Amino acid sequence: MKHAKPFLILSALLLITLGVVLMMYDKAQLHLAMNAYHSPMLDLFFRHFTCVGEWVPYVIVVGLLFYKAGWAVFLLVDVLLSGLFVQIAKHIFNTDRPYMYFAQNMPDVQLPLVEGVTLSRWFSFPSGHTATFFVLFLTLTFVLTEMTKPTYDVAVSPRNGSTIHSRLGMLIINLICFLFAVLGAYSRIYLSQHFAEDIFGGMIVGIVTTCLLYIAVPSLQKKSFWDWRVKKTGEK
């Protein structure tokens, strides 16, 4: 997992920070603080970006078939398995979403509404979208670092004054993927579909599921199916 080490370190730091904050503040107060600022531009962005956690992973699965079938299977199993864990947890805890929680406990509070978004009411913990975001972008971190490895592992001649280091390439990929995962998770708070504690739970499910599945990757890469791919038109 060394290629995703920055992503995992940042995720661990975020989980620790969020865990401490959750112990210090009431979840309602924390939600209102994290959801205090809205703008038309952010409303539009998060309304659409949160949908990445719904159907985009399946598009990526199809796209990976043109690279390596093994990674396509990995992502598909990862999404389905994490989704199963999320649904089991949701029905075990059966907690109210922000809309129902505030309506029942703090009826005077009006949550910021985003046009075009229907607020869910039940089965809040953990956040399935957050789990999917971290599954998707952690997996993409593994895939993209593998795809670009031949490029960023090759040092440019010192005579032109620049050198490409593998660590820099991996770091950039890790940071971008982590940023997208965090934005996806925060979109659930921004849209008042989840509390911060739900995001915390979703992150754990997504990261743990992906890391556990990744343990089997070295063995699976030796199988013939792993490198199979759909050939493009005209490709022999």
# chains A, B, ... in the order shown; residues from 1 in each chain; ligands from 1

$ closest_atom_pairs --of "range 79-173 of chain A" --to "range 197-218 of chain A" --cutoff "12 Å" --atoms "only C-alpha atoms" --output "Markdown table"
| residue | atom | partner | partner_atom | distance |
| --- | --- | --- | --- | --- |
| A:Val79 | CA | A:Gly206 | CA | 8.4 |
| A:Leu80 | CA | A:Thr209 | CA | 10.2 |
| A:Leu81 | CA | A:Thr209 | CA | 7.4 |
| A:Ser82 | CA | A:Gly206 | CA | 6.1 |
| A:Gly83 | CA | A:Gly206 | CA | 8.8 |
| A:Leu84 | CA | A:Val205 | CA | 10.2 |
| A:Phe85 | CA | A:Val205 | CA | 7.4 |
| A:Val86 | CA | A:Val205 | CA | 7.3 |
| A:Gln87 | CA | A:Gly202 | CA | 11.0 |
| A:Ile88 | CA | A:Val205 | CA | 11.5 |
| A:Ala89 | CA | A:Gly201 | CA | 9.5 |
| A:Lys90 | CA | A:Asp198 | CA | 9.9 |
| A:Phe93 | CA | A:Asp198 | CA | 11.0 |
| A:Asn94 | CA | A:Asp198 | CA | 11.6 |
| A:Thr95 | CA | A:Asp198 | CA | 9.6 |
| A:Asp96 | CA | A:Asp198 | CA | 10.6 |
| A:Arg97 | CA | A:Asp198 | CA | 9.3 |
| A:Pro98 | CA | A:Asp198 | CA | 10.5 |
| A:Phe123 | CA | A:Asp198 | CA | 9.9 |
| A:Ser124 | CA | A:Asp198 | CA | 6.5 |
| A:Phe125 | CA | A:Asp198 | CA | 4.7 |
| A:Pro126 | CA | A:Asp198 | CA | 4.3 |
| A:Ser127 | CA | A:Gly202 | CA | 4.7 |
| A:Gly128 | CA | A:Gly202 | CA | 6.0 |
| A:His129 | CA | A:Gly202 | CA | 7.5 |
| A:Thr130 | CA | A:Gly202 | CA | 5.1 |
| A:Ala131 | CA | A:Gly206 | CA | 4.1 |
| A:Thr132 | CA | A:Gly206 | CA | 6.3 |
| A:Phe133 | CA | A:Gly206 | CA | 7.6 |
| A:Phe134 | CA | A:Gly206 | CA | 5.3 |
| A:Val135 | CA | A:Gly206 | CA | 4.9 |
| A:Leu136 | CA | A:Gly206 | CA | 8.5 |
| A:Phe137 | CA | A:Gly206 | CA | 9.8 |
| A:Leu138 | CA | A:Thr210 | CA | 7.4 |
| A:Thr139 | CA | A:Thr210 | CA | 7.2 |
| A:Leu140 | CA | A:Thr210 | CA | 10.9 |
| A:Thr141 | CA | A:Thr210 | CA | 11.3 |
| A:Phe142 | CA | A:Tyr214 | CA | 9.2 |
| A:Val143 | CA | A:Tyr214 | CA | 11.4 |

$ residues_around --residues "range 57-64 of chain A" --least-positions-apart "2" --cutoff "9 Å" --atoms "only C-alpha atoms" --output "NGL selection string"
:A and (52-55 or 66-76 or 79 or 132-133 or 135-136 or 229)

$ closest_residue --among "A:Leu113, A:Ile92, A:Ala196, A:Cys177" --to "Leu18 in chain A" --atoms "only C-alpha atoms"
A:Ala196

$ closest_residue --among "A:Ala28, A:Val77, A:Leu13, A:Ile172" --to "Tyr101 in chain A" --atoms "only C-alpha atoms"
A:Ala28

$ closest_residue --among "A:Leu171, A:Val109, A:Leu183, A:Leu65" --to "Asp227 in chain A" --atoms "only C-alpha atoms"
A:Leu65
